[in-house]
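Next comes input.tsv, with TSV, C-alpha atoms and all ligand atoms.
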```
chain	number	residue	atom	x	y	z
A	148	VAL	CA	74.17	142.08	178.77
A	149	VAL	CA	71.01	141.31	176.86
A	150	ASP	CA	67.69	142.77	177.88
A	151	VAL	CA	64.68	140.58	177.30
A	152	PRO	CA	61.09	141.90	177.31
A	153	PRO	CA	59.23	141.32	180.58
A	154	PHE	CA	57.10	138.25	180.96
A	155	CYS	CA	55.19	136.60	183.75
A	156	CYS	CA	56.82	133.40	184.96
A	157	LEU	CA	53.56	132.21	186.50
A	158	ASP	CA	51.89	132.52	183.06
A	159	GLU	CA	54.93	131.18	181.18
A	160	PRO	CA	56.53	128.49	183.36
A	161	HIS	CA	58.01	126.83	180.25
A	162	THR	CA	59.95	130.06	179.48
A	163	ILE	CA	61.43	130.40	182.94
A	164	ARG	CA	62.29	126.68	182.96
A	165	ARG	CA	64.16	127.01	179.64
A	166	GLU	CA	66.08	130.02	180.97
A	167	LEU	CA	66.97	128.19	184.17
A	168	GLU	CA	68.21	125.17	182.24
A	169	ALA	CA	70.54	127.37	180.16
A	170	ALA	CA	72.00	129.16	183.18
A	171	ASP	CA	75.08	128.24	185.23
A	172	ILE	CA	73.86	130.28	188.18
A	173	VAL	CA	70.68	132.27	188.76
A	174	LEU	CA	70.12	135.48	190.76
A	175	VAL	CA	66.54	136.00	191.90
A	176	ALA	CA	65.34	139.38	193.15
A	177	VAL	CA	61.59	139.05	192.69
A	178	ASP	CA	59.29	140.79	195.17
A	179	ASP	CA	56.70	138.06	195.38
A	180	GLU	CA	57.11	134.75	197.20
A	181	ALA	CA	55.15	132.63	194.71
A	182	PRO	CA	57.69	132.89	191.83
A	183	LYS	CA	60.49	132.07	194.27
A	184	TYR	CA	58.88	128.75	195.17
A	185	LEU	CA	58.25	128.01	191.47
A	186	ILE	CA	61.87	128.85	190.58
A	187	ASP	CA	63.10	126.82	193.58
A	188	ALA	CA	61.20	123.73	192.48
A	189	MET	CA	62.41	124.02	188.89
A	190	ALA	CA	66.01	124.80	189.88
A	191	TRP	CA	65.97	121.80	192.23
A	192	GLU	CA	64.76	119.55	189.43
A	193	LEU	CA	67.35	120.99	187.02
A	194	GLN	CA	70.10	121.02	189.70
A	195	ARG	CA	70.89	124.70	189.17
A	196	PRO	CA	72.33	126.98	191.90
A	197	VAL	CA	70.20	130.01	192.74
A	198	VAL	CA	70.89	133.06	194.93
A	199	TYR	CA	67.76	134.76	196.29
A	200	GLY	CA	67.91	138.33	197.61
A	201	GLY	CA	65.36	140.56	199.27
A	202	VAL	CA	65.14	143.83	201.15
A	203	TYR	CA	62.80	144.30	204.07
A	204	GLY	CA	60.23	147.00	203.60
A	205	GLY	CA	61.43	150.24	205.10
A	206	GLY	CA	64.99	149.31	204.20
A	207	TRP	CA	66.10	148.22	207.68
A	208	GLY	CA	67.55	144.92	206.57
A	209	ALA	CA	68.16	142.45	203.78
A	210	GLU	CA	68.42	138.70	203.38
A	211	VAL	CA	70.23	136.52	200.88
A	212	VAL	CA	69.79	132.75	200.44
A	213	LEU	CA	72.05	130.42	198.47
A	214	VAL	CA	70.43	127.23	197.20
A	215	ASP	CA	72.75	124.76	195.47
A	216	PRO	CA	71.20	121.31	194.97
A	217	ILE	CA	74.50	119.75	193.91
A	218	ALA	CA	76.16	120.97	197.11
A	219	ALA	CA	73.17	119.55	199.04
A	220	THR	CA	72.14	122.86	200.60
A	221	PRO	CA	68.63	123.25	201.99
A	222	CYS	CA	66.05	124.57	199.50
A	223	TYR	CA	64.52	128.05	199.42
A	224	GLY	CA	61.41	126.94	201.28
A	225	CYS	CA	63.39	125.53	204.20
A	226	ALA	CA	65.57	128.68	204.32
A	227	ALA	CA	62.52	130.96	204.14
A	228	SER	CA	60.99	129.07	207.04
A	229	VAL	CA	64.09	129.59	209.20
A	230	LEU	CA	64.15	133.29	208.22
A	231	GLY	CA	60.57	133.68	209.38
A	232	ARG	CA	58.83	134.06	206.02
A	233	THR	CA	55.19	133.11	205.96
A	234	GLY	CA	55.21	131.52	202.52
A	235	VAL	CA	52.58	132.09	199.83
A	236	LYS	CA	49.16	133.25	200.96
A	237	LEU	CA	46.59	131.42	198.86
A	238	GLY	CA	43.77	133.49	197.45
A	239	LYS	CA	45.41	136.78	198.38
A	240	ASN	CA	47.18	139.38	196.26
A	241	ASN	CA	50.87	138.72	196.91
A	242	LEU	CA	52.29	141.88	195.34
A	243	ILE	CA	53.38	143.15	198.77
A	244	PRO	CA	56.23	140.86	199.93
A	245	SER	CA	55.65	139.04	203.17
A	246	TYR	CA	59.01	140.27	204.42
A	247	ALA	CA	58.00	143.94	204.33
A	248	LEU	CA	58.28	145.71	207.65
A	249	PRO	CA	55.07	144.99	209.55
A	250	ASN	CA	53.53	148.24	210.79
A	251	ALA	CA	51.40	147.53	213.83
A	252	GLY	CA	47.69	147.89	213.17
A	253	GLN	CA	48.19	148.57	209.48
A	254	ASP	CA	47.26	146.33	206.56
A	255	GLU	CA	50.10	145.07	204.35
A	256	ASP	CA	49.18	147.55	201.62
A	257	GLY	CA	50.22	150.38	203.95
A	258	TRP	CA	53.62	149.00	204.92
A	259	THR	CA	56.64	151.17	204.26
A	260	LEU	CA	58.66	150.11	201.21
A	261	ALA	CA	62.44	150.03	200.80
A	262	ASP	CA	64.39	152.43	198.59
A	263	LEU	CA	67.71	152.40	196.74
A	264	THR	CA	69.77	153.20	199.86
A	265	SER	CA	69.06	149.67	201.06
A	266	ILE	CA	68.32	147.94	197.74
A	267	LYS	CA	71.80	148.71	196.35
A	268	PRO	CA	73.82	147.24	199.26
A	269	ALA	CA	71.45	144.26	199.30
A	270	ALA	CA	72.12	143.75	195.58
A	271	THR	CA	75.86	143.94	196.32
A	272	LEU	CA	75.56	141.16	198.90
A	273	LEU	CA	73.53	139.09	196.43
A	274	SER	CA	76.22	139.60	193.77
A	275	ASN	CA	79.01	138.77	196.22
A	276	VAL	CA	77.46	135.42	197.06
A	277	ALA	CA	77.04	134.64	193.34
A	278	ILE	CA	80.64	135.67	192.59
A	279	ALA	CA	81.87	133.58	195.54
A	280	TRP	CA	80.00	130.57	194.10
A	281	LEU	CA	81.53	131.17	190.64
A	282	GLU	CA	85.01	131.46	192.16
A	283	ALA	CA	84.50	128.24	194.13
A	284	ASP	CA	83.29	126.49	190.99
A	285	ALA	CA	86.49	127.64	189.27
A	286	GLY	CA	88.61	126.11	192.05
A	287	HIS	CA	88.97	129.13	194.37
A	288	PRO	CA	86.65	128.47	197.33
A	289	ALA	CA	88.15	130.93	199.87
A	290	ARG	CA	85.42	133.56	199.58
A	291	LEU	CA	82.56	131.04	199.65
A	292	ASP	CA	84.17	129.19	202.56
A	293	GLU	CA	84.33	132.47	204.48
A	294	LEU	CA	80.67	133.24	203.75
A	295	GLN	CA	79.59	129.71	204.64
A	296	GLN	CA	81.27	129.54	208.03
A	297	ASP	CA	79.28	127.30	210.37
A	298	ALA	CA	77.58	125.74	207.29
A	299	SER	CA	75.51	128.87	206.69
A	300	THR	CA	73.49	129.11	203.46
A	301	ALA	CA	71.61	132.31	204.28
A	302	TRP	CA	72.67	135.75	205.47
A	303	ARG	CA	70.99	138.65	207.24
A	304	PHE	CA	72.30	142.15	206.67
A	305	ALA	CA	71.09	144.82	209.11
A	306	PHE	CA	71.30	148.38	207.84
A	307	ARG	CA	70.38	149.71	211.26
A	308	HIS	CA	70.04	148.15	214.70
A	309	VAL	CA	67.46	145.37	214.42
A	310	PRO	CA	66.49	144.20	217.93
A	311	VAL	CA	64.71	141.05	216.73
A	312	TRP	CA	67.93	139.95	215.04
A	313	ASN	CA	70.15	141.36	217.83
A	314	LEU	CA	72.22	142.80	215.02
A	315	GLY	CA	73.44	145.98	213.41
A	316	PRO	CA	73.83	148.58	212.23
A	317	TRP	CA	75.70	147.53	209.09
A	318	CYS	CA	76.36	144.00	210.29
A	319	LEU	CA	76.22	140.73	208.39
A	320	GLN	CA	74.95	137.61	210.17
A	321	PRO	CA	75.35	134.14	208.63
A	322	VAL	CA	72.30	131.92	209.20
A	323	ALA	CA	72.54	128.12	209.30
A	324	VAL	CA	69.55	126.38	207.71
A	325	ASN	CA	68.56	122.78	208.39
A	326	PRO	CA	66.30	120.96	205.91
A	327	LYS	CA	62.80	120.42	207.26
A	328	PRO	CA	61.86	116.72	207.66
A	329	ASP	CA	58.72	117.27	205.56
A	330	CYS	CA	60.40	119.30	202.82
A	331	PRO	CA	58.67	118.56	199.47
A	332	GLN	CA	62.01	118.97	197.64
A	333	VAL	CA	63.62	116.44	199.99
A	334	CYS	CA	66.49	118.92	200.07
A	335	GLY	CA	69.84	118.50	201.75
A	336	LEU	CA	70.70	115.34	199.84
A	337	PRO	CA	73.65	115.22	197.43
A	338	GLY	CA	72.86	116.08	193.81
A	339	VAL	CA	73.18	113.65	190.95
A	340	ILE	CA	74.63	115.88	188.22
A	341	PRO	CA	78.34	116.79	188.46
A	342	ILE	CA	79.20	120.48	188.80
A	343	LYS	CA	79.81	122.06	185.42
A	344	HIS	CA	83.04	124.00	185.12
A	345	VAL	CA	82.00	127.61	184.47
A	346	CYS	CA	85.28	129.51	184.82
A	347	GLY	CA	85.39	132.01	181.98
A	348	ASP	CA	82.11	132.67	180.19
A	349	ALA	CA	79.56	131.93	182.88
A	350	ASN	CA	75.95	132.14	181.86
A	351	LEU	CA	74.39	134.30	184.55
A	352	LEU	CA	70.62	134.61	184.68
A	353	VAL	CA	69.19	137.55	186.64
A	354	ILE	CA	65.49	137.53	187.42
A	355	ALA	CA	64.08	140.73	188.87
A	356	ALA	CA	60.49	141.69	189.16
A	357	ASP	CA	57.87	144.28	189.75
A	358	GLY	CA	54.99	142.10	190.79
A	359	CYS	CA	54.55	139.31	188.30
A	360	GLU	CA	56.50	141.03	185.51
A	361	LEU	CA	59.90	139.37	185.32
A	362	GLN	CA	62.92	140.74	183.52
A	363	ARG	CA	65.82	138.63	182.44
A	364	LYS	CA	69.38	139.73	181.89
A	365	ALA	CA	71.81	137.20	180.50
A	366	ALA	CA	75.56	137.84	180.64
A	367	GLY	CA	77.82	135.76	178.44
B	401	ZN	ZN	63.84	122.01	201.74
```
Do you think you could lay out the structure here as C-alpha cells?
Ligand SMILES: [Zn+2]
Amino acid sequence: VVDVPPFCCLDEPHTIRRELEAADIVLVAVDDEAPKYLIDAMAWELQRPVVYGGVYGGGWGAEVVLVDPIAATPCYGCAASVLGRTGVKLGKNNLIPSYALPNAGQDEDGWTLADLTSIKPAATLLSNVAIAWLEADAGHPARLDELQQDASTAWRFAFRHVPVWNLGPWCLQPVAVNPKPDCPQVCGLPGVIPIKHVCGDANLLVIAADGCELQRKAAG
C-alpha cells in the first residue's frame, strides 16, 4: 500500500484522470457528490469499473453502487437517482453529503453524522463488491452473480429498521437500476474495450475524502 499526499480532484482533474486510467478497479468513498459525478464521467470515458460507497448520516444505513461500463451497467448518476440522491447543488457548499439523515426542521449543517460503527461495515460491503468483481474478472463469477441477482447494480444495507426502505436491521437489499433515457453518459450500452485480465496483481485505486481533500491508496 502506498500513501499519496492529499489533493483536490476538482482542482486537479488531470491527476485523478491519470490515476483512474492506471487502475483496474476503483473504490470511491468520497463524502461529496460533485467528485463522484466527475469520477463517473472520467471512468465512463476510460471504461474503468468503479464501486461507490456511502454511509447515511446518523449511521442507520449504507449504500454501494457498482458501475462497470464494459458490463453495460447504469452509471453513477442513474443509480443515484434511483437511490433518491438529489445530485449536486449548484452554488452551495456540498461538504455535507446529500444522503445524510435529514433532521426535520434542521439545516443540513446540523444533521447527525455517521461514526465507525456504521462506516466499517459499509466499507466491508464496498470491499466485498470490489472483490466479487475481481473474482469474476478472473473467471470466478459466483460471488458477483449472487450479489447481482435480479440484475442489481446497487445495494442498500440497513443497520437498523429503516421504514422508508422497509428493511432491517442488518439486512442487505439489492437494488435494480435502469438507465435514464436522458442520461448524459448514455449508459447501459456495451463497452468498446475488452475486459483486461487482472487476476494476480490487480491495481486497486481507493479514493476517500474529507471534503475536497482526496487520498489515494494504490495496492499492487
Ligand atoms: Zn446513466
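Of note, atom CA of A:Leu351 and atom CA of A:Trp280 are spaced 11.7 Å apart.
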Dump the neighbourhood of ligand ZN 401 (chain B) as a PDB file with C-alpha atoms, in the coordinates of the input: all residues within 6 Å, distances computed on all atoms listed in the file.
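After the write, part-v7.pdb holds the following:
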```pdb
ATOM      1  CA  PRO A 221      68.630 123.250 201.990  1.00  0.00           C
ATOM      2  CA  CYS A 222      66.050 124.570 199.500  1.00  0.00           C
ATOM      3  CA  GLY A 224      61.410 126.940 201.280  1.00  0.00           C
ATOM      4  CA  CYS A 225      63.390 125.530 204.200  1.00  0.00           C
ATOM      5  CA  PRO A 326      66.300 120.960 205.910  1.00  0.00           C
ATOM      6  CA  LYS A 327      62.800 120.420 207.260  1.00  0.00           C
ATOM      7  CA  CYS A 330      60.400 119.300 202.820  1.00  0.00           C
ATOM      8  CA  GLN A 332      62.010 118.970 197.640  1.00  0.00           C
ATOM      9  CA  VAL A 333      63.620 116.440 199.990  1.00  0.00           C
ATOM     10  CA  CYS A 334      66.490 118.920 200.070  1.00  0.00           C
TER      11      CYS A 334
END
```
My list of candidates is A:Glu166, A:Asp187, A:Glu293, A:Glu159. Which is closest to A:Val212 when distances are computed with all atoms listed in the file?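 Ranking A:Glu166, A:Asp187, A:Glu293, A:Glu159 by distance to A:Val212, first place goes to A:Asp187.
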Closest contacts (stretch 286-308 of chain A/stretch 200-203 of chain A, max 10 Å, all atoms listed in the file) as a tab-separated table:
```
residue	atom	partner	partner_atom	distance
A:Ala301	CA	A:Gly200	CA	9.7
A:Trp302	CA	A:Gly200	CA	9.5
A:Arg303	CA	A:Val202	CA	9.9
A:Phe304	CA	A:Val202	CA	9.2
A:Ala305	CA	A:Tyr203	CA	9.7
```
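Atom pair atom CA of A:Val311 / atom CA of A:Ile186: separated by 29.0 Å.
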As an exercise, work out the distance from atom CA of A:Pro268 to atom CA of A:Ile354 in Å and give it to one decimal place.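 Between atom CA of A:Pro268 and atom CA of A:Ile354 the gap is 17.4 Å.
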